[in-house]
Amino acid sequence: SANAFTAPSPLTAAGARSLAGGHAQHRALRGNAALSPRMGLPETIPNLPKLPGPLAALSMQPVNEYCLKLFASPVLRTKAVALVHPVVMLALYGVCLYTAWLGLHWRSVRLLPAGDKRSANLKAGVASKDKHYKIGSFLLGGSIFFAIEGCINTWCRTGRLFATPHLFAGAALAAMFALSAATVPFMEKQTWGASPARWLHMLLNFGVVGLFTWQIITGWGILQNV
């Protein structure tokens, strides 16, 4: 009948040998981190174009081969290393919120009209300003470093980067951190450009907080698959 089930044809001897050979090859590949299919990394890096004359000694081929072996290390593919990025970034998110509060506190004191109230709050405001600068510098370096670390770790574990909103928002976040830091020298000068620089600094940092919050939400889903 039309619904009759047709049994699959028996596996030929040649097919069985081929299948067994494929399984053996797969096991061998899994045992070699540099050749693991899950890693997606090549065994060797294609030869780079050779530099002319005396510059030939500056070839980066040995460096590239060393980096390939380093990134293929099984240690970099462990769950413990994979958790470094989300744990550190979650901590930096808290630092980001605290740094934003420090900046807004200093701004509220700076905008007070001259008088006793401003004088009474000026010392605390200046302390917030100094903390905002120092902790903000730490936040800038830490966030960009561990954003790049997350990309490298993903590549080491999977052999690719995934084109997701989390990846692109992370790149935008790193760029906004850098642009925000670039406005600081102009904010300190008592010129016509100080006020626009301060507003740009605040707008960029509001964007940073928003994107960082988005990253926590999207990153949580990715964390479930680590």
# chains A, B, ... in the order shown; residues from 1 in each chain; ligands from 1
>>> residues_around(residues="Ile216 of chain A", least_positions_apart="3", cutoff="12 Å", atoms="only C-alpha atoms", output="MDAnalysis selection string")
chainID A and resid 85:94 165:166 169:170 209:213 219:223
>>> write_last_selection(atoms="N, CA, C and O atoms", output="tab-separated table (two decimals), in the first residue's frame")
chain	number	residue	atom	x	y	z
A	85	HIS	N	33.89	36.61	31.19
A	85	HIS	CA	33.28	37.77	30.53
A	85	HIS	C	31.95	38.18	31.15
A	85	HIS	O	31.80	39.35	31.55
A	86	PRO	N	30.97	37.30	31.29
A	86	PRO	CA	29.69	37.74	31.87
A	86	PRO	C	29.80	38.19	33.33
A	86	PRO	O	29.15	39.15	33.73
A	87	VAL	N	30.63	37.50	34.13
A	87	VAL	CA	30.75	37.87	35.54
A	87	VAL	C	31.38	39.25	35.69
A	87	VAL	O	30.89	40.11	36.44
A	88	VAL	N	32.47	39.47	34.97
A	88	VAL	CA	33.16	40.77	35.07
A	88	VAL	C	32.29	41.89	34.51
A	88	VAL	O	32.20	42.97	35.10
A	89	MET	N	31.62	41.65	33.39
A	89	MET	CA	30.80	42.70	32.80
A	89	MET	C	29.59	43.05	33.69
A	89	MET	O	29.17	44.21	33.75
A	90	LEU	N	29.06	42.05	34.39
A	90	LEU	CA	27.97	42.34	35.32
A	90	LEU	C	28.47	43.23	36.46
A	90	LEU	O	27.77	44.17	36.87
A	91	ALA	N	29.68	42.95	36.95
A	91	ALA	CA	30.26	43.80	37.99
A	91	ALA	C	30.52	45.21	37.46
A	91	ALA	O	30.25	46.21	38.15
A	92	LEU	N	31.00	45.31	36.22
A	92	LEU	CA	31.27	46.62	35.63
A	92	LEU	C	29.99	47.40	35.37
A	92	LEU	O	30.00	48.63	35.36
A	93	TYR	N	28.89	46.69	35.17
A	93	TYR	CA	27.61	47.36	35.02
A	93	TYR	C	27.24	48.11	36.30
A	93	TYR	O	26.77	49.25	36.27
A	94	GLY	N	27.48	47.46	37.44
A	94	GLY	CA	27.25	48.14	38.71
A	94	GLY	C	28.17	49.33	38.88
A	94	GLY	O	27.76	50.40	39.35
A	165	PRO	N	22.53	40.88	17.96
A	165	PRO	CA	22.46	42.24	18.53
A	165	PRO	C	23.44	42.43	19.69
A	165	PRO	O	23.94	43.54	19.89
A	166	HIS	N	23.73	41.37	20.43
A	166	HIS	CA	24.66	41.49	21.55
A	166	HIS	C	26.05	41.87	21.07
A	166	HIS	O	26.73	42.70	21.70
A	169	ALA	N	25.82	45.61	19.62
A	169	ALA	CA	25.62	46.57	20.72
A	169	ALA	C	26.88	46.68	21.56
A	169	ALA	O	27.22	47.77	22.05
A	170	GLY	N	27.61	45.57	21.72
A	170	GLY	CA	28.87	45.62	22.46
A	170	GLY	C	29.91	46.47	21.74
A	170	GLY	O	30.64	47.23	22.38
A	209	VAL	N	24.75	53.73	29.47
A	209	VAL	CA	23.94	53.03	30.48
A	209	VAL	C	22.82	52.24	29.82
A	209	VAL	O	22.54	51.09	30.19
A	210	GLY	N	22.17	52.85	28.82
A	210	GLY	CA	21.09	52.15	28.12
A	210	GLY	C	21.58	50.91	27.39
A	210	GLY	O	20.98	49.83	27.49
A	211	LEU	N	22.70	51.05	26.66
A	211	LEU	CA	23.24	49.90	25.93
A	211	LEU	C	23.76	48.83	26.88
A	211	LEU	O	23.62	47.63	26.62
A	212	PHE	N	24.37	49.27	27.96
A	212	PHE	CA	24.88	48.31	28.95
A	212	PHE	C	23.73	47.50	29.53
A	212	PHE	O	23.83	46.28	29.74
A	213	THR	N	22.62	48.17	29.81
A	213	THR	CA	21.44	47.46	30.32
A	213	THR	C	20.94	46.45	29.29
A	213	THR	O	20.58	45.31	29.63
A	219	GLY	N	22.69	39.28	27.06
A	219	GLY	CA	23.76	38.39	27.49
A	219	GLY	C	23.27	37.25	28.35
A	219	GLY	O	23.86	36.17	28.38
A	220	TRP	N	22.17	37.49	29.09
A	220	TRP	CA	21.64	36.45	29.95
A	220	TRP	C	21.20	35.23	29.15
A	220	TRP	O	21.43	34.09	29.54
A	221	GLY	N	20.59	35.49	27.99
A	221	GLY	CA	20.18	34.37	27.13
A	221	GLY	C	21.38	33.61	26.60
A	221	GLY	O	21.36	32.38	26.50
A	222	ILE	N	22.45	34.33	26.25
A	222	ILE	CA	23.65	33.68	25.75
A	222	ILE	C	24.30	32.86	26.86
A	222	ILE	O	24.83	31.76	26.61
A	223	LEU	N	24.27	33.37	28.08
A	223	LEU	CA	24.88	32.68	29.21
A	223	LEU	C	24.27	31.30	29.43
A	223	LEU	O	24.94	30.37	29.88
>>> closest_residue(among="A:Gly142, A:Ala182, A:Gln190, A:Ala175", to="Gly207 of chain A", atoms="only C-alpha atoms")
A:Ala175
>>> residues_around(residues="segment 125-128 of chain A", least_positions_apart="3", cutoff="10 Å", atoms="only C-alpha atoms", output="list of chain:residue names")
A:Thr99, A:Trp101, A:Leu102, A:Gly103, A:Leu104, A:His105, A:Trp106, A:Arg107, A:Ser108, A:Val109, A:Arg110, A:Arg118, A:Ser119, A:Ala120, A:Asn121, A:Leu122, A:Lys131, A:His132, A:Tyr133, A:Lys134
>>> closest_residue(among="A:Leu76, A:Met187, A:Leu173, A:Ala197", to="Thr158 of chain A", atoms="only C-alpha atoms")
A:Leu76
>>> select_by_dssp(residues="segment 151-199 of chain A", states="helix (DSSP H, G or I)", output="ChimeraX atom specification")
/A:151-158,165-182,184-188,194-199
>>> residues_around(residues="Val208 of chain A", least_positions_apart="6", cutoff="9 Å", atoms="only C-alpha atoms", output="VMD selection string")
chain A and resid 96 172 to 174 176 to 177
>>> atom_distance(atom1="atom CA of Leu204 of chain A", atom2="atom CA of Gly136 of chain A")
13.3 Å
>>> residues_around(residues="Ala82 of chain A", least_positions_apart="6", cutoff="8 Å", atoms="only C-alpha atoms", output="list in words")
Leu76, Gly150, Asn153, Thr154 and Val226 of chain A
>>> atom_distance(atom1="atom CA of Gln215 of chain A", atom2="atom CA of Phe168 of chain A")
10.0 Å
